[in-house]
>>> print(open('upload36.cif').read())   # mmCIF, C-alpha atoms
data_input
loop_
_atom_site.group_PDB
_atom_site.id
_atom_site.type_symbol
_atom_site.label_atom_id
_atom_site.label_comp_id
_atom_site.auth_asym_id
_atom_site.auth_seq_id
_atom_site.Cartn_x
_atom_site.Cartn_y
_atom_site.Cartn_z
ATOM 1 C CA MET A 1 0.000 0.000 0.000
ATOM 2 C CA ALA A 2 1.297 3.449 -0.891
ATOM 3 C CA ALA A 3 2.190 5.716 2.031
ATOM 4 C CA LEU A 4 0.114 8.899 2.054
ATOM 5 C CA HIS A 5 1.835 12.193 2.920
ATOM 6 C CA PHE A 6 0.288 15.664 3.103
ATOM 7 C CA ILE A 7 2.589 18.674 2.755
ATOM 8 C CA VAL A 8 0.689 21.719 3.973
ATOM 9 C CA ASN A 9 1.755 25.315 3.387
ATOM 10 C CA PRO A 10 -0.011 27.084 6.285
ATOM 11 C CA GLN A 11 0.790 30.531 4.825
ATOM 12 C CA ALA A 12 -0.801 29.974 1.395
ATOM 13 C CA LYS A 13 -3.495 32.521 0.628
ATOM 14 C CA ASN A 14 -2.973 34.237 3.998
ATOM 15 C CA GLY A 15 -3.738 31.156 6.055
ATOM 16 C CA TYR A 16 -6.665 29.928 3.953
ATOM 17 C CA SER A 17 -4.704 26.759 3.226
ATOM 18 C CA LEU A 18 -4.403 25.952 6.940
ATOM 19 C CA LYS A 19 -8.108 26.578 7.431
ATOM 20 C CA ILE A 20 -8.897 24.168 4.591
ATOM 21 C CA TRP A 21 -6.545 21.551 6.030
ATOM 22 C CA ASN A 22 -8.130 21.768 9.488
ATOM 23 C CA GLU A 23 -11.481 20.990 7.881
ATOM 24 C CA LEU A 24 -10.212 18.168 5.657
ATOM 25 C CA LYS A 25 -8.153 16.305 8.257
ATOM 26 C CA LYS A 26 -11.369 15.308 10.023
ATOM 27 C CA GLU A 27 -12.130 13.093 7.026
ATOM 28 C CA LEU A 28 -8.826 11.223 7.338
ATOM 29 C CA GLN A 29 -9.383 9.536 10.696
ATOM 30 C CA ASP A 30 -9.675 6.106 9.064
ATOM 31 C CA SER A 31 -6.868 6.647 6.537
ATOM 32 C CA PRO A 32 -3.233 6.223 7.668
ATOM 33 C CA HIS A 33 -1.250 9.312 6.701
ATOM 34 C CA SER A 34 1.568 11.650 7.665
ATOM 35 C CA ILE A 35 1.363 15.454 7.897
ATOM 36 C CA HIS A 36 4.207 17.874 7.209
ATOM 37 C CA PHE A 37 3.986 21.672 7.512
ATOM 38 C CA THR A 38 6.269 23.946 5.521
ATOM 39 C CA GLU A 39 8.112 26.662 7.419
ATOM 40 C CA SER A 40 10.001 28.545 4.716
ATOM 41 C CA PRO A 41 10.490 28.819 0.924
ATOM 42 C CA GLN A 42 11.769 25.560 -0.649
ATOM 43 C CA HIS A 43 10.925 23.627 2.523
ATOM 44 C CA ALA A 44 8.364 21.488 0.640
ATOM 45 C CA THR A 45 11.150 20.276 -1.670
ATOM 46 C CA GLU A 46 13.284 19.325 1.335
ATOM 47 C CA ILE A 47 10.366 17.447 2.895
ATOM 48 C CA VAL A 48 9.798 15.418 -0.288
ATOM 49 C CA ASN A 49 13.514 14.571 -0.418
ATOM 50 C CA GLU A 50 13.278 13.318 3.166
ATOM 51 C CA ILE A 51 10.217 11.216 2.311
ATOM 52 C CA ALA A 52 12.105 9.724 -0.643
ATOM 53 C CA ARG A 53 14.771 8.432 1.763
ATOM 54 C CA LEU A 54 12.224 6.570 3.899
ATOM 55 C CA PRO A 55 11.991 2.771 3.536
ATOM 56 C CA GLU A 56 8.774 2.998 1.517
ATOM 57 C CA ASP A 57 8.374 1.400 -1.905
ATOM 58 C CA ARG A 58 5.611 3.767 -2.932
ATOM 59 C CA ALA A 59 4.452 7.155 -1.699
ATOM 60 C CA VAL A 60 1.796 9.716 -2.564
ATOM 61 C CA VAL A 61 2.951 13.241 -1.697
ATOM 62 C CA THR A 62 0.044 15.671 -1.606
ATOM 63 C CA ALA A 63 0.605 19.414 -1.807
ATOM 64 C CA VAL A 64 -1.928 21.503 0.121
ATOM 65 C CA GLY A 65 -1.519 25.125 -0.916
ATOM 66 C CA GLY A 66 -1.096 27.103 -4.115
ATOM 67 C CA ASP A 67 0.889 26.751 -7.315
ATOM 68 C CA GLY A 68 4.124 27.633 -5.514
ATOM 69 C CA THR A 69 3.619 24.802 -3.017
ATOM 70 C CA VAL A 70 2.945 22.148 -5.650
ATOM 71 C CA ASN A 71 5.912 23.439 -7.678
ATOM 72 C CA GLU A 72 8.186 22.792 -4.692
ATOM 73 C CA VAL A 73 6.697 19.329 -4.146
ATOM 74 C CA ILE A 74 7.268 18.356 -7.787
ATOM 75 C CA ASN A 75 10.818 19.733 -7.659
ATOM 76 C CA GLY A 76 11.429 17.240 -4.873
ATOM 77 C CA ALA A 77 9.590 14.329 -6.515
ATOM 78 C CA ILE A 78 11.280 14.429 -9.936
ATOM 79 C CA GLY A 79 13.765 11.603 -10.276
ATOM 80 C CA PHE A 80 12.305 9.318 -7.601
ATOM 81 C CA GLU A 81 10.567 6.136 -8.731
ATOM 82 C CA GLY A 82 7.470 5.038 -6.866
ATOM 83 C CA MET A 83 6.521 8.605 -5.929
ATOM 84 C CA LYS A 84 3.238 10.117 -7.109
ATOM 85 C CA VAL A 85 2.151 13.741 -6.702
ATOM 86 C CA ALA A 86 -1.359 14.785 -5.680
ATOM 87 C CA TYR A 87 -2.818 18.223 -5.054
ATOM 88 C CA ILE A 88 -5.422 19.939 -2.912
ATOM 89 C CA PRO A 89 -5.905 23.498 -4.240
ATOM 90 C CA ALA A 90 -5.819 26.091 -1.467
ATOM 91 C CA GLY A 91 -3.930 29.031 -2.987
ATOM 92 C CA SER A 92 -4.658 32.189 -4.936
ATOM 93 C CA GLY A 93 -4.250 31.239 -8.597
ATOM 94 C CA ASN A 94 -4.551 27.440 -8.747
ATOM 95 C CA ASP A 95 -3.541 27.247 -12.404
ATOM 96 C CA PHE A 96 -2.083 23.826 -11.674
ATOM 97 C CA ALA A 97 -5.536 22.382 -10.990
ATOM 98 C CA ARG A 98 -6.934 23.958 -14.164
ATOM 99 C CA GLY A 99 -4.083 22.879 -16.374
ATOM 100 C CA PHE A 100 -4.056 19.268 -15.228
ATOM 101 C CA GLY A 101 -7.825 18.792 -15.086
ATOM 102 C CA LEU A 102 -8.021 18.374 -11.310
ATOM 103 C CA PRO A 103 -10.987 19.277 -9.084
ATOM 104 C CA LYS A 104 -11.139 22.878 -7.924
ATOM 105 C CA SER A 105 -12.838 21.930 -4.663
ATOM 106 C CA PRO A 106 -10.471 20.882 -1.836
ATOM 107 C CA ARG A 107 -12.982 18.348 -0.535
ATOM 108 C CA ASP A 108 -13.506 16.804 -3.987
ATOM 109 C CA SER A 109 -9.727 16.695 -4.401
ATOM 110 C CA LEU A 110 -9.303 14.735 -1.175
ATOM 111 C CA LYS A 111 -12.024 12.265 -2.162
ATOM 112 C CA ARG A 112 -10.298 11.756 -5.507
ATOM 113 C CA ILE A 113 -6.918 11.142 -3.871
ATOM 114 C CA LEU A 114 -8.301 8.548 -1.462
ATOM 115 C CA ALA A 115 -10.164 6.782 -4.259
ATOM 116 C CA LEU A 116 -7.116 6.628 -6.576
ATOM 117 C CA MET A 117 -4.404 5.904 -4.011
ATOM 118 C CA GLU A 118 -3.432 2.569 -5.510
ATOM 119 C CA GLU A 119 -3.695 3.629 -9.167
ATOM 120 C CA GLU A 120 -0.524 3.977 -11.232
ATOM 121 C CA GLY A 121 -1.113 7.619 -12.063
ATOM 122 C CA MET A 122 -0.050 9.397 -15.252
ATOM 123 C CA GLU A 123 3.448 10.350 -16.367
ATOM 124 C CA LEU A 124 3.710 14.009 -17.357
ATOM 125 C CA ASP A 125 6.271 16.500 -18.635
ATOM 126 C CA ALA A 126 8.109 19.125 -16.651
ATOM 127 C CA GLY A 127 10.652 21.754 -17.586
ATOM 128 C CA SER A 128 14.102 22.352 -16.155
ATOM 129 C CA PHE A 129 15.654 25.818 -16.105
ATOM 130 C CA HIS A 130 18.619 27.790 -14.921
ATOM 131 C CA THR A 131 19.420 31.461 -14.489
ATOM 132 C CA SER A 132 22.443 33.131 -12.925
ATOM 133 C CA GLU A 133 20.488 33.554 -9.680
ATOM 134 C CA TYR A 134 18.809 30.141 -9.734
ATOM 135 C CA PRO A 135 21.217 27.525 -11.135
ATOM 136 C CA LYS A 136 18.762 24.610 -11.142
ATOM 137 C CA GLY A 137 15.006 24.213 -10.915
ATOM 138 C CA HIS A 138 11.903 22.693 -12.453
ATOM 139 C CA PHE A 139 8.477 23.995 -13.424
ATOM 140 C CA VAL A 140 5.229 22.388 -14.544
ATOM 141 C CA ASN A 141 2.979 25.342 -15.426
ATOM 142 C CA SER A 142 4.977 28.005 -17.251
ATOM 143 C CA ILE A 143 8.001 30.260 -17.348
ATOM 144 C CA GLY A 144 7.633 33.903 -18.328
ATOM 145 C CA ALA A 145 10.135 36.653 -19.099
ATOM 146 C CA GLY A 146 9.267 40.323 -19.405
ATOM 147 C CA PHE A 147 6.132 42.242 -18.545
ATOM 148 C CA ASP A 148 4.195 39.305 -17.064
ATOM 149 C CA ALA A 149 7.120 38.419 -14.797
ATOM 150 C CA GLN A 150 7.342 42.064 -13.720
ATOM 151 C CA ILE A 151 3.665 41.965 -12.729
ATOM 152 C CA THR A 152 4.194 38.683 -10.866
ATOM 153 C CA VAL A 153 7.136 40.048 -8.892
ATOM 154 C CA LYS A 154 5.309 43.235 -7.912
ATOM 155 C CA ALA A 155 2.101 41.383 -7.014
ATOM 156 C CA ASN A 156 3.815 38.773 -4.846
ATOM 157 C CA GLN A 157 5.721 41.466 -2.936
ATOM 158 C CA SER A 158 2.609 43.552 -2.352
ATOM 159 C CA ASN A 159 0.791 43.840 0.973
ATOM 160 C CA LEU A 160 -2.315 44.560 -1.092
ATOM 161 C CA LYS A 161 -2.354 40.923 -2.251
ATOM 162 C CA LYS A 162 -2.656 39.738 1.357
ATOM 163 C CA TRP A 163 -5.565 42.077 1.930
ATOM 164 C CA LEU A 164 -7.336 41.001 -1.258
ATOM 165 C CA ASN A 165 -6.773 37.322 -0.411
ATOM 166 C CA LYS A 166 -8.654 37.831 2.836
ATOM 167 C CA LEU A 167 -11.606 39.003 0.734
ATOM 168 C CA SER A 168 -11.136 36.091 -1.737
ATOM 169 C CA LEU A 169 -10.236 38.685 -4.381
ATOM 170 C CA GLY A 170 -6.559 37.808 -4.738
ATOM 171 C CA LYS A 171 -6.705 37.586 -8.529
ATOM 172 C CA LEU A 172 -7.441 41.320 -8.765
ATOM 173 C CA ILE A 173 -3.881 42.102 -7.698
ATOM 174 C CA TYR A 174 -2.627 41.101 -11.156
ATOM 175 C CA ALA A 175 -5.087 43.425 -12.895
ATOM 176 C CA PHE A 176 -4.048 46.236 -10.553
ATOM 177 C CA TYR A 177 -0.338 45.842 -11.292
ATOM 178 C CA LEU A 178 -0.960 45.316 -14.991
ATOM 179 C CA ILE A 179 -2.421 48.826 -15.185
ATOM 180 C CA LYS A 180 0.141 50.299 -12.775
ATOM 181 C CA GLU A 181 3.223 48.831 -14.506
ATOM 182 C CA LEU A 182 1.875 49.581 -17.973
ATOM 183 C CA ILE A 183 2.548 53.276 -17.410
ATOM 184 C CA SER A 184 6.303 52.863 -16.902
ATOM 185 C CA TYR A 185 7.243 49.532 -18.526
ATOM 186 C CA LYS A 186 9.219 49.746 -21.754
ATOM 187 C CA PRO A 187 9.438 46.695 -24.046
ATOM 188 C CA GLY A 188 12.918 46.036 -25.394
ATOM 189 C CA PRO A 189 14.879 43.808 -27.781
ATOM 190 C CA ALA A 190 15.075 40.078 -27.076
ATOM 191 C CA VAL A 191 16.396 36.972 -28.775
ATOM 192 C CA LEU A 192 14.602 33.640 -28.557
ATOM 193 C CA HIS A 193 16.485 30.418 -29.338
ATOM 194 C CA ILE A 194 14.341 27.345 -30.041
ATOM 195 C CA ASP A 195 16.013 24.023 -30.901
ATOM 196 C CA GLY A 196 18.858 25.722 -32.763
ATOM 197 C CA GLU A 197 16.757 28.411 -34.494
ATOM 198 C CA GLU A 198 17.056 32.088 -33.579
ATOM 199 C CA PHE A 199 14.244 34.657 -33.531
ATOM 200 C CA HIS A 200 14.687 38.394 -32.912
ATOM 201 C CA PHE A 201 12.029 40.640 -31.374
ATOM 202 C CA PRO A 202 12.829 44.382 -31.262
ATOM 203 C CA ARG A 203 10.015 45.367 -28.866
ATOM 204 C CA MET A 204 9.256 42.282 -26.792
ATOM 205 C CA TRP A 205 6.622 42.640 -24.075
ATOM 206 C CA PHE A 206 6.824 39.063 -22.853
ATOM 207 C CA ILE A 207 7.814 35.522 -23.776
ATOM 208 C CA THR A 208 5.949 32.698 -22.054
ATOM 209 C CA VAL A 209 6.972 29.030 -22.227
ATOM 210 C CA SER A 210 3.992 26.826 -21.330
ATOM 211 C CA ASN A 211 3.479 23.217 -20.331
ATOM 212 C CA HIS A 212 -0.327 23.553 -20.260
ATOM 213 C CA PRO A 213 -2.801 26.268 -21.316
ATOM 214 C CA TYR A 214 -3.196 28.376 -18.152
ATOM 215 C CA TYR A 215 -1.345 30.975 -16.137
ATOM 216 C CA GLY A 216 -2.006 34.120 -14.096
ATOM 217 C CA GLY A 217 -5.069 32.772 -12.288
ATOM 218 C CA GLY A 218 -7.045 31.380 -15.225
ATOM 219 C CA MET A 219 -5.717 33.174 -18.307
ATOM 220 C CA LYS A 220 -5.524 30.822 -21.307
ATOM 221 C CA ILE A 221 -2.113 31.955 -22.493
ATOM 222 C CA SER A 222 -1.358 28.856 -24.592
ATOM 223 C CA PRO A 223 -4.587 27.150 -25.731
ATOM 224 C CA ALA A 224 -2.825 24.317 -27.603
ATOM 225 C CA ALA A 225 -0.349 23.346 -24.855
ATOM 226 C CA LYS A 226 -0.460 19.775 -23.532
ATOM 227 C CA PRO A 227 1.479 18.525 -20.498
ATOM 228 C CA ASN A 228 2.269 15.100 -21.985
ATOM 229 C CA ASP A 229 3.355 15.753 -25.591
ATOM 230 C CA GLY A 230 7.085 16.259 -25.001
ATOM 231 C CA LEU A 231 6.931 19.868 -26.231
ATOM 232 C CA PHE A 232 6.715 23.379 -24.848
ATOM 233 C CA ASN A 233 4.377 25.927 -26.386
ATOM 234 C CA ILE A 234 5.901 29.410 -26.605
ATOM 235 C CA THR A 235 3.934 32.656 -26.811
ATOM 236 C CA VAL A 236 5.588 35.967 -27.696
ATOM 237 C CA LEU A 237 4.037 39.429 -27.562
ATOM 238 C CA ASN A 238 6.097 41.885 -29.617
ATOM 239 C CA GLY A 239 5.636 45.334 -31.093
ATOM 240 C CA LEU A 240 2.303 46.077 -29.473
ATOM 241 C CA PRO A 241 1.356 49.727 -28.774
ATOM 242 C CA LYS A 242 0.483 50.416 -25.142
ATOM 243 C CA TRP A 243 -3.079 51.462 -25.909
ATOM 244 C CA LYS A 244 -3.752 47.991 -27.321
ATOM 245 C CA LEU A 245 -2.228 45.990 -24.462
ATOM 246 C CA LEU A 246 -5.287 45.915 -22.218
ATOM 247 C CA THR A 247 -7.387 44.550 -25.077
ATOM 248 C CA VAL A 248 -4.889 41.771 -25.651
ATOM 249 C CA PHE A 249 -4.677 40.870 -21.969
ATOM 250 C CA ILE A 250 -8.459 40.699 -21.611
ATOM 251 C CA SER A 251 -8.636 38.335 -24.594
ATOM 252 C CA VAL A 252 -6.087 36.010 -22.957
ATOM 253 C CA PHE A 253 -8.796 34.712 -20.622
ATOM 254 C CA TRP A 254 -10.394 32.800 -23.506
ATOM 255 C CA GLY A 255 -7.305 32.418 -25.700
ATOM 256 C CA GLY A 256 -8.350 35.101 -28.190
ATOM 257 C CA HIS A 257 -4.987 36.892 -28.043
ATOM 258 C CA ILE A 258 -3.377 34.461 -30.501
ATOM 259 C CA ARG A 259 -5.359 36.123 -33.316
ATOM 260 C CA PHE A 260 -3.498 39.431 -32.883
ATOM 261 C CA LYS A 261 -0.705 40.017 -35.391
ATOM 262 C CA GLU A 262 1.652 41.042 -32.571
ATOM 263 C CA VAL A 263 1.369 37.582 -30.973
ATOM 264 C CA LYS A 264 3.628 34.821 -32.286
ATOM 265 C CA THR A 265 3.494 31.167 -31.218
ATOM 266 C CA PHE A 266 6.094 28.392 -31.453
ATOM 267 C CA GLU A 267 6.805 24.869 -30.204
ATOM 268 C CA GLY A 268 10.098 23.467 -28.985
ATOM 269 C CA LYS A 269 12.124 21.440 -26.504
ATOM 270 C CA ASN A 270 15.299 23.427 -25.869
ATOM 271 C CA ILE A 271 14.868 27.162 -25.340
ATOM 272 C CA THR A 272 16.981 30.157 -24.356
ATOM 273 C CA ILE A 273 15.677 33.688 -23.795
ATOM 274 C CA GLU A 274 18.171 36.556 -23.978
ATOM 275 C CA SER A 275 17.637 40.307 -23.803
ATOM 276 C CA LYS A 276 19.773 43.419 -24.214
ATOM 277 C CA SER A 277 18.830 44.571 -20.718
ATOM 278 C CA ALA A 278 18.252 41.968 -18.021
ATOM 279 C CA ILE A 279 14.520 41.466 -17.423
ATOM 280 C CA PRO A 280 12.718 39.492 -14.670
ATOM 281 C CA VAL A 281 11.774 35.835 -15.105
ATOM 282 C CA HIS A 282 9.207 33.791 -13.189
ATOM 283 C CA ALA A 283 8.626 30.035 -13.007
ATOM 284 C CA ASP A 284 5.152 28.901 -11.927
ATOM 285 C CA GLY A 285 4.556 32.395 -10.588
ATOM 286 C CA GLU A 286 7.742 32.598 -8.494
ATOM 287 C CA TYR A 287 10.633 34.946 -9.274
ATOM 288 C CA ILE A 288 13.753 33.013 -10.382
ATOM 289 C CA GLY A 289 16.090 35.786 -11.511
ATOM 290 C CA LYS A 290 16.678 37.687 -14.724
ATOM 291 C CA THR A 291 17.517 36.858 -18.309
ATOM 292 C CA PRO A 292 19.242 35.015 -19.794
ATOM 293 C CA VAL A 293 17.295 31.874 -18.913
ATOM 294 C CA HIS A 294 17.773 28.414 -20.410
ATOM 295 C CA ILE A 295 14.861 25.933 -20.472
ATOM 296 C CA GLU A 296 14.660 22.245 -21.418
ATOM 297 C CA ILE A 297 11.794 19.768 -21.584
ATOM 298 C CA ARG A 298 11.822 16.800 -19.184
ATOM 299 C CA PRO A 299 9.331 14.402 -20.783
ATOM 300 C CA ASN A 300 7.489 11.904 -18.569
ATOM 301 C CA SER A 301 9.583 13.002 -15.585
ATOM 302 C CA TRP A 302 6.970 12.873 -12.816
ATOM 303 C CA VAL A 303 3.710 11.105 -12.007
ATOM 304 C CA ILE A 304 0.426 12.725 -11.067
ATOM 305 C CA LEU A 305 -2.275 10.829 -9.234
#
>>> encode(input="upload36.cif", output="structure tokens")
Amino acid sequence: MAALHFIVNPQAKNGYSLKIWNELKKELQDSPHSIHFTESPQHATEIVNEIARLPEDRAVVTAVGGDGTVNEVINGAIGFEGMKVAYIPAGSGNDFARGFGLPKSPRDSLKRILALMEEEGMELDAGSFHTSEYPKGHFVNSIGAGFDAQITVKANQSNLKKWLNKLSLGKLIYAFYLIKELISYKPGPAVLHIDGEEFHFPRMWFITVSNHPYYGGGMKISPAAKPNDGLFNITVLNGLPKWKLLTVFISVFWGGHIRFKEVKTFEGKNITIESKSAIPVHADGEYIGKTPVHIEIRPNSWVIL
């Protein structure tokens, strides 16, 4: 029987994650399990590494939190046989649940996990990356460089996000900073390398490398992306006048942005993003440094329950 572990981020969504866990744990009285609470950034990865060293043939490691929490859990799980990843969404964006077709309800998620405990799960792709500030890491949602990463950095550092999370309005922080940063942000030249080919963009707003369609709390940035096809889908916004940017961003929610002439899409496995001036980069919504960033596909590198 697979050992069941829950890795809870008590700080996710200003404590909402802990509240959810305190409700769900009542339903686990008849199910053997272990509970681990994260105490700092990257702690979830360390916990998974410790679980991997236990004398257990099989383990299900369940992230309870947001996209950042499940990213850390998967970073720990990659490379270990017999380890499956599960997820209970209790964060702000929860793009992971959308992108991988998982229940949005924490209670439904727990029921699903308990019902599928002994199933083999599904092998899925991940991406590996490195920047000068972050020499090694993995992502499963997306990596972004440019304007979207700038918004992510500002939003995650903002006290306003904590306040909005308390009102269950956390997603509005991204719209707020989109408008705020639009005033001062200046797109610049960038070079995109994909599997040996080189593409130049003189006024690049952002480049996003996706493993599934969603990012930014439900925006359908890459409608054709699939997490098990061995390919990344790349979206580039270049040469767009500022007055048109809000229209493009609104259309991202249903994937309509790909019809704009300023939006270019590609597919690839081995990617490097360079820029004349260093610009911020995020992976699964977490800041990982500045360009240049190198990205590679890791096909079938982890298992989801």
>>> resolve_selection(input="upload36.cif", expression="the PyMOL selection byres ((chain A and resi 265) around 7)", output="ChimeraX atom specification")
/A:234-236,263-264,266
>>> resolve_selection(input="upload36.cif", expression="the PyMOL selection byres ((chain A and resi 43-50) around 10)", output="ChimeraX atom specification")
/A:5,7-9,36-42,51-54,59,61-63,68-78,80,83
>>> atom_distance(input="upload36.cif", atom1="atom CA of A:Asp95", atom2="atom CA of A:Gly285")
9.8 Å
>>> closest_residue(input="upload36.cif", among="A:Val209, A:Ile179, A:Leu102, A:Ile273", to="A:Trp243", atoms="only C-alpha atoms")
A:Ile179
>>> resolve_selection(input="upload36.cif", expression="the PyMOL selection byres ((chain A and resi 16) around 10)", output="PDB file with C-alpha atoms, keeping the file's coordinate frame")
ATOM      1  CA  ASN A   9       1.755  25.315   3.387  1.00  0.00           C
ATOM      2  CA  PRO A  10      -0.011  27.084   6.285  1.00  0.00           C
ATOM      3  CA  GLN A  11       0.790  30.531   4.825  1.00  0.00           C
ATOM      4  CA  ALA A  12      -0.801  29.974   1.395  1.00  0.00           C
ATOM      5  CA  LYS A  13      -3.495  32.521   0.628  1.00  0.00           C
ATOM      6  CA  ASN A  14      -2.973  34.237   3.998  1.00  0.00           C
ATOM      7  CA  GLY A  15      -3.738  31.156   6.055  1.00  0.00           C
ATOM      8  CA  SER A  17      -4.704  26.759   3.226  1.00  0.00           C
ATOM      9  CA  LEU A  18      -4.403  25.952   6.940  1.00  0.00           C
ATOM     10  CA  LYS A  19      -8.108  26.578   7.431  1.00  0.00           C
ATOM     11  CA  ILE A  20      -8.897  24.168   4.591  1.00  0.00           C
ATOM     12  CA  TRP A  21      -6.545  21.551   6.030  1.00  0.00           C
ATOM     13  CA  ASN A  22      -8.130  21.768   9.488  1.00  0.00           C
ATOM     14  CA  GLY A  65      -1.519  25.125  -0.916  1.00  0.00           C
ATOM     15  CA  ALA A  90      -5.819  26.091  -1.467  1.00  0.00           C
ATOM     16  CA  GLY A  91      -3.930  29.031  -2.987  1.00  0.00           C
ATOM     17  CA  SER A  92      -4.658  32.189  -4.936  1.00  0.00           C
ATOM     18  CA  ASN A 165      -6.773  37.322  -0.411  1.00  0.00           C
ATOM     19  CA  LYS A 166      -8.654  37.831   2.836  1.00  0.00           C
ATOM     20  CA  SER A 168     -11.136  36.091  -1.737  1.00  0.00           C
TER      21      SER A 168
END
>>> closest_residue(input="upload36.cif", among="A:Glu274, A:Pro32, A:His200, A:Val85", to="A:Ala3", atoms="all atoms listed in the file")
A:Pro32
>>> decode(input="upload36.cif", residues="stretch 191-197 of chain A", atoms="all heavy atoms", output="PDB file, in the first residue's frame")
ATOM      1  N   VAL A 191      16.095  38.052 -27.833  1.00  0.00           N
ATOM      2  CA  VAL A 191      16.396  36.972 -28.775  1.00  0.00           C
ATOM      3  C   VAL A 191      15.888  35.668 -28.173  1.00  0.00           C
ATOM      4  O   VAL A 191      16.160  35.364 -27.008  1.00  0.00           O
ATOM      5  CB  VAL A 191      17.906  36.860 -29.055  1.00  0.00           C
ATOM      6  CG1 VAL A 191      18.181  35.740 -30.054  1.00  0.00           C
ATOM      7  CG2 VAL A 191      18.458  38.187 -29.571  1.00  0.00           C
ATOM      8  N   LEU A 192      15.155  34.922 -28.978  1.00  0.00           N
ATOM      9  CA  LEU A 192      14.602  33.640 -28.557  1.00  0.00           C
ATOM     10  C   LEU A 192      15.247  32.520 -29.371  1.00  0.00           C
ATOM     11  O   LEU A 192      15.191  32.523 -30.594  1.00  0.00           O
ATOM     12  CB  LEU A 192      13.080  33.647 -28.773  1.00  0.00           C
ATOM     13  CG  LEU A 192      12.311  32.354 -28.512  1.00  0.00           C
ATOM     14  CD1 LEU A 192      12.404  31.949 -27.044  1.00  0.00           C
ATOM     15  CD2 LEU A 192      10.843  32.527 -28.927  1.00  0.00           C
ATOM     16  N   HIS A 193      15.876  31.583 -28.688  1.00  0.00           N
ATOM     17  CA  HIS A 193      16.485  30.418 -29.338  1.00  0.00           C
ATOM     18  C   HIS A 193      15.603  29.200 -29.091  1.00  0.00           C
ATOM     19  O   HIS A 193      15.308  28.877 -27.937  1.00  0.00           O
ATOM     20  CB  HIS A 193      17.883  30.155 -28.768  1.00  0.00           C
ATOM     21  CG  HIS A 193      18.824  31.314 -28.882  1.00  0.00           C
ATOM     22  ND1 HIS A 193      19.706  31.461 -29.935  1.00  0.00           N
ATOM     23  CD2 HIS A 193      19.024  32.383 -28.067  1.00  0.00           C
ATOM     24  CE1 HIS A 193      20.412  32.561 -29.764  1.00  0.00           C
ATOM     25  NE2 HIS A 193      20.025  33.149 -28.635  1.00  0.00           N
ATOM     26  N   ILE A 194      15.176  28.536 -30.157  1.00  0.00           N
ATOM     27  CA  ILE A 194      14.341  27.345 -30.041  1.00  0.00           C
ATOM     28  C   ILE A 194      14.955  26.228 -30.882  1.00  0.00           C
ATOM     29  O   ILE A 194      14.975  26.305 -32.113  1.00  0.00           O
ATOM     30  CB  ILE A 194      12.894  27.605 -30.522  1.00  0.00           C
ATOM     31  CG1 ILE A 194      12.278  28.804 -29.804  1.00  0.00           C
ATOM     32  CG2 ILE A 194      12.038  26.355 -30.308  1.00  0.00           C
ATOM     33  CD1 ILE A 194      10.899  29.178 -30.319  1.00  0.00           C
ATOM     34  N   ASP A 195      15.477  25.203 -30.216  1.00  0.00           N
ATOM     35  CA  ASP A 195      16.013  24.023 -30.901  1.00  0.00           C
ATOM     36  C   ASP A 195      16.965  24.394 -32.047  1.00  0.00           C
ATOM     37  O   ASP A 195      16.884  23.864 -33.158  1.00  0.00           O
ATOM     38  CB  ASP A 195      14.870  23.153 -31.441  1.00  0.00           C
ATOM     39  CG  ASP A 195      13.984  22.619 -30.327  1.00  0.00           C
ATOM     40  OD1 ASP A 195      14.466  22.525 -29.182  1.00  0.00           O
ATOM     41  OD2 ASP A 195      12.810  22.303 -30.596  1.00  0.00           O
ATOM     42  N   GLY A 196      17.851  25.342 -31.772  1.00  0.00           N
ATOM     43  CA  GLY A 196      18.858  25.722 -32.763  1.00  0.00           C
ATOM     44  C   GLY A 196      18.469  26.867 -33.676  1.00  0.00           C
ATOM     45  O   GLY A 196      19.318  27.411 -34.385  1.00  0.00           O
ATOM     46  N   GLU A 197      17.200  27.266 -33.689  1.00  0.00           N
ATOM     47  CA  GLU A 197      16.757  28.411 -34.494  1.00  0.00           C
ATOM     48  C   GLU A 197      16.743  29.676 -33.644  1.00  0.00           C
ATOM     49  O   GLU A 197      16.541  29.625 -32.428  1.00  0.00           O
ATOM     50  CB  GLU A 197      15.370  28.167 -35.078  1.00  0.00           C
ATOM     51  CG  GLU A 197      15.305  27.077 -36.123  1.00  0.00           C
ATOM     52  CD  GLU A 197      13.960  27.060 -36.844  1.00  0.00           C
ATOM     53  OE1 GLU A 197      13.705  27.990 -37.639  1.00  0.00           O
ATOM     54  OE2 GLU A 197      13.171  26.134 -36.600  1.00  0.00           O
TER      55      GLU A 197
END
